[in-house]
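Participant: File follows, structure02.pdb with PDB, C-alpha atoms:
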ATOM      1  CA  ASP W 405     125.922  95.523  80.557  1.00  0.00           C
ATOM      2  CA  ALA W 406     124.226  92.484  79.070  1.00  0.00           C
ATOM      3  CA  GLY W 407     120.709  91.848  80.321  1.00  0.00           C
ATOM      4  CA  VAL W 408     119.135  88.463  80.994  1.00  0.00           C
ATOM      5  CA  THR W 409     119.540  86.124  78.024  1.00  0.00           C
ATOM      6  CA  GLN W 410     117.110  83.311  77.273  1.00  0.00           C
ATOM      7  CA  THR W 411     117.311  80.632  74.600  1.00  0.00           C
ATOM      8  CA  PRO W 412     115.574  79.511  72.565  1.00  0.00           C
ATOM      9  CA  ARG W 413     113.087  82.328  71.959  1.00  0.00           C
ATOM     10  CA  HIS W 414     110.549  79.900  70.549  1.00  0.00           C
ATOM     11  CA  GLU W 415     110.117  76.170  71.094  1.00  0.00           C
ATOM     12  CA  VAL W 416     107.596  73.770  69.606  1.00  0.00           C
ATOM     13  CA  ALA W 417     107.321  70.348  71.214  1.00  0.00           C
ATOM     14  CA  GLU W 418     105.179  67.272  70.779  1.00  0.00           C
ATOM     15  CA  LYS W 419     103.259  66.074  73.812  1.00  0.00           C
ATOM     16  CA  GLY W 420     105.477  63.845  75.925  1.00  0.00           C
ATOM     17  CA  GLN W 421     108.769  65.341  74.790  1.00  0.00           C
ATOM     18  CA  THR W 422     111.460  66.692  77.098  1.00  0.00           C
ATOM     19  CA  ILE W 423     112.473  70.292  76.576  1.00  0.00           C
ATOM     20  CA  ILE W 424     115.208  72.353  78.196  1.00  0.00           C
ATOM     21  CA  LEU W 425     115.080  76.126  78.389  1.00  0.00           C
ATOM     22  CA  LYS W 426     118.219  78.114  79.139  1.00  0.00           C
ATOM     23  CA  CYS W 427     118.900  81.354  80.969  1.00  0.00           C
ATOM     24  CA  GLU W 428     121.937  83.522  81.619  1.00  0.00           C
ATOM     25  CA  PRO W 429     121.307  86.083  84.393  1.00  0.00           C
ATOM     26  CA  VAL W 430     122.792  89.548  84.678  1.00  0.00           C
ATOM     27  CA  SER W 431     126.405  89.273  85.793  1.00  0.00           C
ATOM     28  CA  GLY W 432     126.718  89.809  89.557  1.00  0.00           C
ATOM     29  CA  HIS W 433     123.085  89.105  90.359  1.00  0.00           C
ATOM     30  CA  ASN W 434     122.684  86.479  93.054  1.00  0.00           C
ATOM     31  CA  ASP W 435     118.947  85.798  92.753  1.00  0.00           C
ATOM     32  CA  LEU W 436     117.450  83.938  89.795  1.00  0.00           C
ATOM     33  CA  PHE W 437     113.780  83.270  89.127  1.00  0.00           C
ATOM     34  CA  TRP W 438     111.802  81.219  86.621  1.00  0.00           C
ATOM     35  CA  TYR W 439     108.232  82.301  85.887  1.00  0.00           C
ATOM     36  CA  ARG W 440     105.474  81.032  83.656  1.00  0.00           C
ATOM     37  CA  GLN W 441     103.264  83.664  82.011  1.00  0.00           C
ATOM     38  CA  THR W 442      99.813  82.995  80.599  1.00  0.00           C
ATOM     39  CA  LYS W 443      96.906  85.315  79.893  1.00  0.00           C
ATOM     40  CA  ILE W 444      94.671  83.504  82.376  1.00  0.00           C
ATOM     41  CA  GLN W 445      97.025  82.893  85.302  1.00  0.00           C
ATOM     42  CA  GLY W 446      99.389  85.799  84.767  1.00  0.00           C
ATOM     43  CA  LEU W 447     102.920  85.456  86.177  1.00  0.00           C
ATOM     44  CA  GLU W 448     103.472  82.303  88.245  1.00  0.00           C
ATOM     45  CA  LEU W 449     106.710  81.621  90.117  1.00  0.00           C
ATOM     46  CA  LEU W 450     108.221  78.272  89.191  1.00  0.00           C
ATOM     47  CA  SER W 451     111.600  78.362  90.933  1.00  0.00           C
ATOM     48  CA  TYR W 452     113.836  80.699  92.890  1.00  0.00           C
ATOM     49  CA  PHE W 453     117.596  80.392  93.452  1.00  0.00           C
ATOM     50  CA  ARG W 454     119.708  82.452  95.804  1.00  0.00           C
ATOM     51  CA  SER W 455     123.442  82.162  95.220  1.00  0.00           C
ATOM     52  CA  LYS W 456     122.836  78.960  93.216  1.00  0.00           C
ATOM     53  CA  SER W 457     120.849  77.296  96.036  1.00  0.00           C
ATOM     54  CA  LEU W 458     117.259  76.338  95.288  1.00  0.00           C
ATOM     55  CA  MET W 459     115.041  78.274  97.698  1.00  0.00           C
ATOM     56  CA  GLU W 460     111.614  77.755  96.142  1.00  0.00           C
ATOM     57  CA  ASP W 461     110.586  74.954  93.846  1.00  0.00           C
ATOM     58  CA  GLY W 462     107.133  76.154  92.842  1.00  0.00           C
ATOM     59  CA  GLY W 463     104.926  73.711  94.717  1.00  0.00           C
ATOM     60  CA  ALA W 464     102.393  72.594  92.138  1.00  0.00           C
ATOM     61  CA  PHE W 465     105.000  72.652  89.402  1.00  0.00           C
ATOM     62  CA  LYS W 466     107.344  70.199  91.103  1.00  0.00           C
ATOM     63  CA  ASP W 467     106.382  66.993  89.368  1.00  0.00           C
ATOM     64  CA  ARG W 468     107.337  67.748  85.748  1.00  0.00           C
ATOM     65  CA  PHE W 469     109.338  70.951  86.101  1.00  0.00           C
ATOM     66  CA  LYS W 470     112.943  70.949  87.261  1.00  0.00           C
ATOM     67  CA  ALA W 471     115.132  74.027  87.411  1.00  0.00           C
ATOM     68  CA  GLU W 472     118.854  73.800  87.960  1.00  0.00           C
ATOM     69  CA  MET W 473     121.613  76.339  88.406  1.00  0.00           C
ATOM     70  CA  LEU W 474     124.939  74.734  87.595  1.00  0.00           C
ATOM     71  CA  ASN W 475     126.905  77.917  88.104  1.00  0.00           C
ATOM     72  CA  SER W 476     126.199  81.555  88.894  1.00  0.00           C
ATOM     73  CA  SER W 477     125.894  82.470  85.230  1.00  0.00           C
ATOM     74  CA  PHE W 478     123.680  79.713  83.834  1.00  0.00           C
ATOM     75  CA  SER W 479     120.374  78.073  84.661  1.00  0.00           C
ATOM     76  CA  THR W 480     118.114  75.569  82.944  1.00  0.00           C
ATOM     77  CA  LEU W 481     114.453  74.694  83.234  1.00  0.00           C
ATOM     78  CA  LYS W 482     113.539  71.172  82.166  1.00  0.00           C
ATOM     79  CA  ILE W 483     109.948  70.177  81.480  1.00  0.00           C
ATOM     80  CA  GLN W 484     109.504  66.402  81.275  1.00  0.00           C
ATOM     81  CA  PRO W 485     107.179  65.195  79.862  1.00  0.00           C
ATOM     82  CA  THR W 486     105.538  68.173  78.198  1.00  0.00           C
ATOM     83  CA  GLU W 487     101.763  68.516  78.017  1.00  0.00           C
ATOM     84  CA  PRO W 488      99.664  70.894  75.882  1.00  0.00           C
ATOM     85  CA  LYS W 489      98.700  72.849  79.021  1.00  0.00           C
ATOM     86  CA  ASP W 490     102.376  73.793  79.400  1.00  0.00           C
ATOM     87  CA  SER W 491     102.066  76.107  76.393  1.00  0.00           C
ATOM     88  CA  ALA W 492     103.041  79.519  77.747  1.00  0.00           C
ATOM     89  CA  VAL W 493     105.846  82.056  77.863  1.00  0.00           C
ATOM     90  CA  TYR W 494     108.614  81.086  80.264  1.00  0.00           C
ATOM     91  CA  LEU W 495     110.473  84.020  81.753  1.00  0.00           C
ATOM     92  CA  CYS W 496     113.772  84.056  83.564  1.00  0.00           C
ATOM     93  CA  ALA W 497     114.620  86.994  85.823  1.00  0.00           C
ATOM     94  CA  SER W 498     117.534  87.960  88.033  1.00  0.00           C
ATOM     95  CA  SER W 499     118.069  90.513  90.768  1.00  0.00           C
ATOM     96  CA  PHE W 500     120.546  91.643  93.385  1.00  0.00           C
ATOM     97  CA  GLY W 501     119.254  91.938  96.930  1.00  0.00           C
ATOM     98  CA  THR W 502     115.866  93.617  97.161  1.00  0.00           C
ATOM     99  CA  GLN W 503     116.202  95.531  93.905  1.00  0.00           C
ATOM    100  CA  GLY W 504     113.744  95.059  91.100  1.00  0.00           C
ATOM    101  CA  ARG W 505     113.745  92.034  88.836  1.00  0.00           C
ATOM    102  CA  TYR W 506     115.484  92.098  85.474  1.00  0.00           C
ATOM    103  CA  PHE W 507     113.505  89.881  83.123  1.00  0.00           C
ATOM    104  CA  GLY W 508     114.706  88.162  79.988  1.00  0.00           C
ATOM    105  CA  PRO W 509     112.682  88.254  76.752  1.00  0.00           C
ATOM    106  CA  GLY W 510     111.158  84.848  77.464  1.00  0.00           C
ATOM    107  CA  THR W 511     110.782  81.569  75.622  1.00  0.00           C
ATOM    108  CA  ARG W 512     107.434  80.973  73.969  1.00  0.00           C
ATOM    109  CA  LEU W 513     106.648  77.260  74.284  1.00  0.00           C
ATOM    110  CA  THR W 514     103.972  75.569  72.202  1.00  0.00           C
ATOM    111  CA  VAL W 515     103.141  71.951  72.993  1.00  0.00           C
ATOM    112  CA  LEU W 516     101.137  70.152  70.324  1.00  0.00           C
TER     113      LEU W 516
ATOM    114  CA  GLN Q1280      92.974  83.808  96.074  1.00  0.00           C
ATOM    115  CA  GLN Q1281      94.241  86.806  94.182  1.00  0.00           C
ATOM    116  CA  GLN Q1282      96.325  88.931  96.492  1.00  0.00           C
ATOM    117  CA  VAL Q1283      96.976  91.760  94.040  1.00  0.00           C
ATOM    118  CA  ARG Q1284      94.137  92.974  91.833  1.00  0.00           C
ATOM    119  CA  GLN Q1285      94.377  95.385  88.948  1.00  0.00           C
ATOM    120  CA  SER Q1286      91.721  97.376  87.158  1.00  0.00           C
ATOM    121  CA  PRO Q1287      90.726  97.987  84.524  1.00  0.00           C
ATOM    122  CA  GLN Q1288      91.820  94.933  82.550  1.00  0.00           C
ATOM    123  CA  SER Q1289      92.110  97.136  79.471  1.00  0.00           C
ATOM    124  CA  LEU Q1290      92.282 100.911  79.109  1.00  0.00           C
ATOM    125  CA  THR Q1291      92.212 103.107  76.013  1.00  0.00           C
ATOM    126  CA  VAL Q1292      93.152 106.780  76.138  1.00  0.00           C
ATOM    127  CA  TRP Q1293      93.979 109.462  73.585  1.00  0.00           C
ATOM    128  CA  GLU Q1294      97.489 110.780  73.140  1.00  0.00           C
ATOM    129  CA  GLY Q1295      98.139 113.570  75.651  1.00  0.00           C
ATOM    130  CA  GLU Q1296      95.634 112.322  78.235  1.00  0.00           C
ATOM    131  CA  THR Q1297      96.522 111.008  81.669  1.00  0.00           C
ATOM    132  CA  ALA Q1298      96.065 107.247  82.003  1.00  0.00           C
ATOM    133  CA  ILE Q1299      95.155 105.990  85.470  1.00  0.00           C
ATOM    134  CA  LEU Q1300      95.801 102.345  86.325  1.00  0.00           C
ATOM    135  CA  ASN Q1301      94.513 100.960  89.617  1.00  0.00           C
ATOM    136  CA  CYS Q1302      95.813  98.304  91.967  1.00  0.00           C
ATOM    137  CA  SER Q1303      94.597  96.928  95.304  1.00  0.00           C
ATOM    138  CA  TYR Q1304      96.042  94.339  97.647  1.00  0.00           C
ATOM    139  CA  GLU Q1305      94.937  92.206 100.562  1.00  0.00           C
ATOM    140  CA  ASN Q1306      98.005  91.581 102.690  1.00  0.00           C
ATOM    141  CA  SER Q1307      98.610  94.547 104.975  1.00  0.00           C
ATOM    142  CA  ALA Q1308     102.194  93.303 105.503  1.00  0.00           C
ATOM    143  CA  PHE Q1309     103.130  94.189 101.908  1.00  0.00           C
ATOM    144  CA  ASP Q1310     105.547  97.101 102.005  1.00  0.00           C
ATOM    145  CA  TYR Q1311     107.108  97.325  98.540  1.00  0.00           C
ATOM    146  CA  PHE Q1312     105.116  97.934  95.367  1.00  0.00           C
ATOM    147  CA  PRO Q1313     106.889  97.905  91.993  1.00  0.00           C
ATOM    148  CA  TRP Q1314     105.184  98.514  88.672  1.00  0.00           C
ATOM    149  CA  TYR Q1315     106.449  96.706  85.585  1.00  0.00           C
ATOM    150  CA  GLN Q1316     105.909  97.599  81.939  1.00  0.00           C
ATOM    151  CA  GLN Q1317     105.800  94.884  79.291  1.00  0.00           C
ATOM    152  CA  PHE Q1318     105.829  95.291  75.520  1.00  0.00           C
ATOM    153  CA  PRO Q1319     104.805  92.408  73.220  1.00  0.00           C
ATOM    154  CA  GLY Q1320     107.617  89.908  72.747  1.00  0.00           C
ATOM    155  CA  GLU Q1321     109.621  91.248  75.694  1.00  0.00           C
ATOM    156  CA  GLY Q1322     109.862  90.494  79.373  1.00  0.00           C
ATOM    157  CA  PRO Q1323     108.475  92.901  81.979  1.00  0.00           C
ATOM    158  CA  ALA Q1324     110.752  95.810  82.907  1.00  0.00           C
ATOM    159  CA  LEU Q1325     110.748  97.653  86.216  1.00  0.00           C
ATOM    160  CA  LEU Q1326     109.182 101.070  85.659  1.00  0.00           C
ATOM    161  CA  ILE Q1327     108.772 102.670  89.078  1.00  0.00           C
ATOM    162  CA  ALA Q1328     108.336 101.478  92.655  1.00  0.00           C
ATOM    163  CA  ILE Q1329     107.115 102.794  95.998  1.00  0.00           C
ATOM    164  CA  ARG Q1330     107.562 101.727  99.613  1.00  0.00           C
ATOM    165  CA  SER Q1331     104.672 101.834 102.061  1.00  0.00           C
ATOM    166  CA  VAL Q1332     106.268 104.660 104.087  1.00  0.00           C
ATOM    167  CA  SER Q1333     105.570 107.021 101.168  1.00  0.00           C
ATOM    168  CA  ASP Q1334     102.284 108.130  99.660  1.00  0.00           C
ATOM    169  CA  LYS Q1335     103.619 109.392  96.350  1.00  0.00           C
ATOM    170  CA  LYS Q1336     106.497 108.627  93.998  1.00  0.00           C
ATOM    171  CA  GLU Q1337     107.268 110.443  90.758  1.00  0.00           C
ATOM    172  CA  ASP Q1338     109.629 109.520  87.959  1.00  0.00           C
ATOM    173  CA  GLY Q1339     109.374 111.416  84.709  1.00  0.00           C
ATOM    174  CA  GLY Q1340     105.772 111.255  83.552  1.00  0.00           C
ATOM    175  CA  PHE Q1341     104.933 108.325  85.860  1.00  0.00           C
ATOM    176  CA  THR Q1342     103.480 108.860  89.345  1.00  0.00           C
ATOM    177  CA  ILE Q1343     102.386 106.333  91.948  1.00  0.00           C
ATOM    178  CA  PHE Q1344      99.778 107.401  94.491  1.00  0.00           C
ATOM    179  CA  PHE Q1345      99.639 105.070  97.500  1.00  0.00           C
ATOM    180  CA  ASN Q1346      96.893 104.760 100.135  1.00  0.00           C
ATOM    181  CA  LYS Q1347      97.982 102.455 102.927  1.00  0.00           C
ATOM    182  CA  ARG Q1348      94.721 102.694 104.858  1.00  0.00           C
ATOM    183  CA  GLU Q1349      92.656 101.698 101.837  1.00  0.00           C
ATOM    184  CA  LYS Q1350      95.265  99.189 100.616  1.00  0.00           C
ATOM    185  CA  ASN Q1351      95.301 100.544  97.122  1.00  0.00           C
ATOM    186  CA  LEU Q1352      97.571 102.426  94.782  1.00  0.00           C
ATOM    187  CA  SER Q1353      97.403 103.861  91.311  1.00  0.00           C
ATOM    188  CA  LEU Q1354      99.827 104.574  88.504  1.00  0.00           C
ATOM    189  CA  HIS Q1355      99.263 107.826  86.634  1.00  0.00           C
ATOM    190  CA  ILE Q1356     100.834 108.216  83.219  1.00  0.00           C
ATOM    191  CA  LYS Q1357     100.810 111.894  82.336  1.00  0.00           C
ATOM    192  CA  ASP Q1358     100.706 113.067  78.715  1.00  0.00           C
ATOM    193  CA  SER Q1359     100.340 109.498  77.415  1.00  0.00           C
ATOM    194  CA  GLN Q1360     102.058 108.688  74.113  1.00  0.00           C
ATOM    195  CA  PRO Q1361     101.433 105.826  71.673  1.00  0.00           C
ATOM    196  CA  GLY Q1362     104.811 104.440  72.759  1.00  0.00           C
ATOM    197  CA  ASP Q1363     103.371 103.962  76.258  1.00  0.00           C
ATOM    198  CA  SER Q1364     100.999 101.320  74.874  1.00  0.00           C
ATOM    199  CA  ALA Q1365     101.936  98.215  76.828  1.00  0.00           C
ATOM    200  CA  THR Q1366     100.791  95.954  79.634  1.00  0.00           C
ATOM    201  CA  TYR Q1367     101.423  97.295  83.121  1.00  0.00           C
ATOM    202  CA  PHE Q1368     101.778  94.975  86.107  1.00  0.00           C
ATOM    203  CA  CYS Q1369     101.364  96.039  89.700  1.00  0.00           C
ATOM    204  CA  ALA Q1370     103.283  93.869  92.160  1.00  0.00           C
ATOM    205  CA  ALA Q1371     103.752  93.633  95.920  1.00  0.00           C
ATOM    206  CA  SER Q1372     106.129  92.034  98.380  1.00  0.00           C
ATOM    207  CA  GLU Q1373     106.785  91.915 102.095  1.00  0.00           C
ATOM    208  CA  GLY Q1374     110.135  92.846 103.565  1.00  0.00           C
ATOM    209  CA  THR Q1375     110.952  89.512 105.202  1.00  0.00           C
ATOM    210  CA  ASN Q1376     109.947  87.576 102.076  1.00  0.00           C
ATOM    211  CA  ALA Q1377     111.149  90.081  99.523  1.00  0.00           C
ATOM    212  CA  TYR Q1378     111.748  87.365  96.952  1.00  0.00           C
ATOM    213  CA  LYS Q1379     108.040  86.483  96.953  1.00  0.00           C
ATOM    214  CA  VAL Q1380     106.794  89.225  94.678  1.00  0.00           C
ATOM    215  CA  ILE Q1381     103.097  88.804  93.933  1.00  0.00           C
ATOM    216  CA  PHE Q1382     102.068  90.129  90.529  1.00  0.00           C
ATOM    217  CA  GLY Q1383      98.664  91.370  89.454  1.00  0.00           C
ATOM    218  CA  LYS Q1384      97.282  90.178  86.123  1.00  0.00           C
ATOM    219  CA  GLY Q1385      98.021  93.427  84.362  1.00  0.00           C
ATOM    220  CA  THR Q1386      96.293  96.315  82.631  1.00  0.00           C
ATOM    221  CA  HIS Q1387      96.568  96.559  78.848  1.00  0.00           C
ATOM    222  CA  LEU Q1388      96.989 100.229  77.959  1.00  0.00           C
ATOM    223  CA  HIS Q1389      96.276 101.467  74.446  1.00  0.00           C
ATOM    224  CA  VAL Q1390      97.189 105.055  73.635  1.00  0.00           C
ATOM    225  CA  LEU Q1391      95.553 106.267  70.433  1.00  0.00           C
ATOM    226  CA  PRO Q1392      97.272 108.943  68.319  1.00  0.00           C
TER     227      PRO Q1392
END
Go through the file and emit its structure as structure tokens.

Facilitator:
Amino acid sequence: DAGVTQTPRHEVAEKGQTIILKCEPVSGHNDLFWYRQTKIQGLELLSYFRSKSLMEDGGAFKDRFKAEMLNSSFSTLKIQPTEPKDSAVYLCASSFGTQGRYFGPGTRLTVL
Amino acid sequence: QQQVRQSPQSLTVWEGETAILNCSYENSAFDYFPWYQQFPGEGPALLIAIRSVSDKKEDGGFTIFFNKREKNLSLHIKDSQPGDSATYFCAASEGTNAYKVIFGKGTHLHVLP
């Protein structure tokens, strides 16, 4: 079984650019999550989808972060415009029901 | 407000020793506590989990001890190996909001050969 796939693995952006991160969840999983991971803040939930419907849009992250799930096997996270403070690892995870999360390897974003 | 706290931030043990990682929480409604293991360059992976109806859960060399009254739990890694060197995250969620898993900030474990 393929795990969660994330592309690209690394992204370097100039301040003000628009970047799109991609995620393919585990086949059959109906929950999909986007997290941001930094050393200081740890793991922060950005978005949560259940069966493709957006259930949680991350509150403080709403203004420049937009996650979409066009179909059950693909999701994107758009950051527009990027700022240096957005430099972090962005993790996508999927799960089925109340089982544990399956995380992807993450995308390391550096904003200059 | 940090709902799930982990200590120590960093832990170094010798190969063969038992590593003990601690976790405490504030919300008494939390009833599910997974631990995740993360290696550099990878995402976290579910290692072991416990529900609040139990006080102990074992899986291979990993054991969770849970104290509901004190609102704390610990992960014991028996016979630690250098390959166990990783960051370990304690997490918690409540049954009715199971999607809202709250993660601690992690313990960096270094196992020296």

Participant: For chain Q, which residues have at least one atom within 12 Å of chain W, if we go by all atoms listed in the file? Write them as number ranges by chain, please.

Facilitator: Q: 1280-1281, 1283-1285, 1288, 1310-1330, 1366-1387

Participant: Under the rule that only C-alpha atoms are counted, which of W:Lys426, W:Glu415, W:Leu458, W:Gln421 is the nearest residue to Phe478 (chain W)?

Facilitator: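 Among the listed residues, W:Lys426 lies closest to Phe478 (chain W).
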
Participant: I'd like the interatomic distance between CA of Asn1346 (chain Q) and CA of Ser1307 (chain Q), to a tenth of an Å.

Facilitator: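 These atoms are spaced 11.4 Å apart.
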
Participant: Take the PyMOL selection byres ((chain Q and resi 1290) around 9), run it mentally on this structure, and tell me the resulting residues as a list in words.

Facilitator: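 Those residues are Ser1286, Pro1287, Gln1288, Ser1289, Thr1291, Val1292, Ala1298, Ile1299, Leu1300, Thr1386, His1387, Leu1388, His1389 and Val1390 of chain Q.
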
Participant: Translate the PyMOL selection byres ((chain Q and resi 1304) around 6) into a concrete residue list for this structure, as a list in words.

Facilitator: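 Going through the file, the PyMOL selection byres ((chain Q and resi 1304) around 6) ends up selecting Gln1282, Val1283, Ser1303, Glu1305 and Lys1350 of chain Q.
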
Participant: Which of these, W:Lys466, W:Lys419, W:His433, W:Lys456, has the shortest distance to Lys482 (chain W) once you count all atoms listed in the file?

Facilitator: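 Among the listed residues, the smallest separation from Lys482 (chain W) belongs to W:Lys466.
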
Participant: Which value, in Å to one decimal, gives the distance between CA of Glu487 (chain W) and CA of Thr409 (chain W)?

Facilitator: 25.0 Å

Participant: By how many Å are CA of Pro485 (chain W) and CA of Trp438 (chain W) apart?

Facilitator: 18.0 Å

Participant: For the provided coordinates, the residues matched by the PyMOL selection byres ((chain Q and resi 1297) around 7) should be stated as a PyMOL selection string.

Facilitator: chain Q and resi 1295-1296+1298-1299+1355-1359

Participant: Could you check the closest approach to Ala492 (chain W) for each of W:Tyr439, W:Ile424, W:Gly463, W:Ser477 and tell me which residue wins, using all atoms listed in the file?

Facilitator: W:Tyr439

Participant: Kindly reconstruct region 406-414 of chain W with all heavy atoms and present the result as a JSON list (two decimals), in the frame of the given file.

Facilitator:
[["chain", "number", "residue", "atom", "x", "y", "z"],
["W", 406, "ALA", "N", 125.18, 93.37, 79.70],
["W", 406, "ALA", "CA", 124.23, 92.48, 79.07],
["W", 406, "ALA", "C", 123.09, 92.23, 80.05],
["W", 406, "ALA", "O", 123.29, 92.09, 81.25],
["W", 406, "ALA", "CB", 124.90, 91.17, 78.70],
["W", 407, "GLY", "N", 121.87, 92.16, 79.49],
["W", 407, "GLY", "CA", 120.71, 91.85, 80.32],
["W", 407, "GLY", "C", 120.59, 90.34, 80.48],
["W", 407, "GLY", "O", 121.53, 89.59, 80.22],
["W", 408, "VAL", "N", 119.39, 89.89, 80.87],
["W", 408, "VAL", "CA", 119.14, 88.46, 80.99],
["W", 408, "VAL", "C", 118.93, 87.87, 79.60],
["W", 408, "VAL", "O", 118.17, 88.41, 78.80],
["W", 408, "VAL", "CB", 117.89, 88.21, 81.85],
["W", 408, "VAL", "CG1", 117.55, 86.73, 81.90],
["W", 408, "VAL", "CG2", 118.10, 88.77, 83.27],
["W", 409, "THR", "N", 119.63, 86.79, 79.33],
["W", 409, "THR", "CA", 119.54, 86.12, 78.02],
["W", 409, "THR", "C", 118.79, 84.82, 78.17],
["W", 409, "THR", "O", 119.05, 84.05, 79.10],
["W", 409, "THR", "CB", 120.95, 85.82, 77.47],
["W", 409, "THR", "OG1", 121.69, 87.04, 77.42],
["W", 409, "THR", "CG2", 120.87, 85.23, 76.08],
["W", 410, "GLN", "N", 117.85, 84.57, 77.26],
["W", 410, "GLN", "CA", 117.11, 83.31, 77.27],
["W", 410, "GLN", "C", 117.15, 82.68, 75.88],
["W", 410, "GLN", "O", 117.00, 83.37, 74.88],
["W", 410, "GLN", "CB", 115.65, 83.53, 77.66],
["W", 410, "GLN", "CG", 115.45, 83.88, 79.12],
["W", 410, "GLN", "CD", 113.99, 83.88, 79.52],
["W", 410, "GLN", "OE1", 113.42, 84.93, 79.78],
["W", 410, "GLN", "NE2", 113.40, 82.68, 79.56],
["W", 411, "THR", "N", 117.36, 81.37, 75.86],
["W", 411, "THR", "CA", 117.31, 80.63, 74.60],
["W", 411, "THR", "C", 116.59, 79.31, 74.81],
["W", 411, "THR", "O", 116.61, 78.75, 75.92],
["W", 411, "THR", "CB", 118.73, 80.33, 74.08],
["W", 411, "THR", "OG1", 119.47, 79.65, 75.11],
["W", 411, "THR", "CG2", 119.44, 81.59, 73.65],
["W", 412, "PRO", "N", 115.89, 78.80, 73.80],
["W", 412, "PRO", "CA", 115.57, 79.51, 72.56],
["W", 412, "PRO", "C", 114.48, 80.55, 72.80],
["W", 412, "PRO", "O", 113.88, 80.58, 73.87],
["W", 412, "PRO", "CB", 115.08, 78.39, 71.66],
["W", 412, "PRO", "CG", 114.42, 77.42, 72.61],
["W", 412, "PRO", "CD", 115.25, 77.47, 73.87],
["W", 413, "ARG", "N", 114.18, 81.37, 71.83],
["W", 413, "ARG", "CA", 113.09, 82.33, 71.96],
["W", 413, "ARG", "C", 111.75, 81.66, 71.70],
["W", 413, "ARG", "O", 110.72, 82.05, 72.26],
["W", 413, "ARG", "CB", 113.27, 83.49, 70.99],
["W", 413, "ARG", "CG", 114.47, 84.38, 71.30],
["W", 413, "ARG", "CD", 114.31, 85.11, 72.64],
["W", 413, "ARG", "NE", 113.01, 85.74, 72.79],
["W", 413, "ARG", "CZ", 112.72, 86.96, 72.35],
["W", 413, "ARG", "NH1", 113.64, 87.68, 71.74],
["W", 413, "ARG", "NH2", 111.51, 87.47, 72.53],
["W", 414, "HIS", "N", 111.77, 80.65, 70.85],
["W", 414, "HIS", "CA", 110.55, 79.90, 70.55],
["W", 414, "HIS", "C", 110.88, 78.41, 70.55],
["W", 414, "HIS", "O", 111.96, 78.01, 70.12],
["W", 414, "HIS", "CB", 109.99, 80.28, 69.17],
["W", 414, "HIS", "CG", 109.66, 81.73, 69.04],
["W", 414, "HIS", "ND1", 108.46, 82.27, 69.40],
["W", 414, "HIS", "CD2", 110.41, 82.77, 68.59],
["W", 414, "HIS", "CE1", 108.46, 83.57, 69.19],
["W", 414, "HIS", "NE2", 109.63, 83.91, 68.70]]
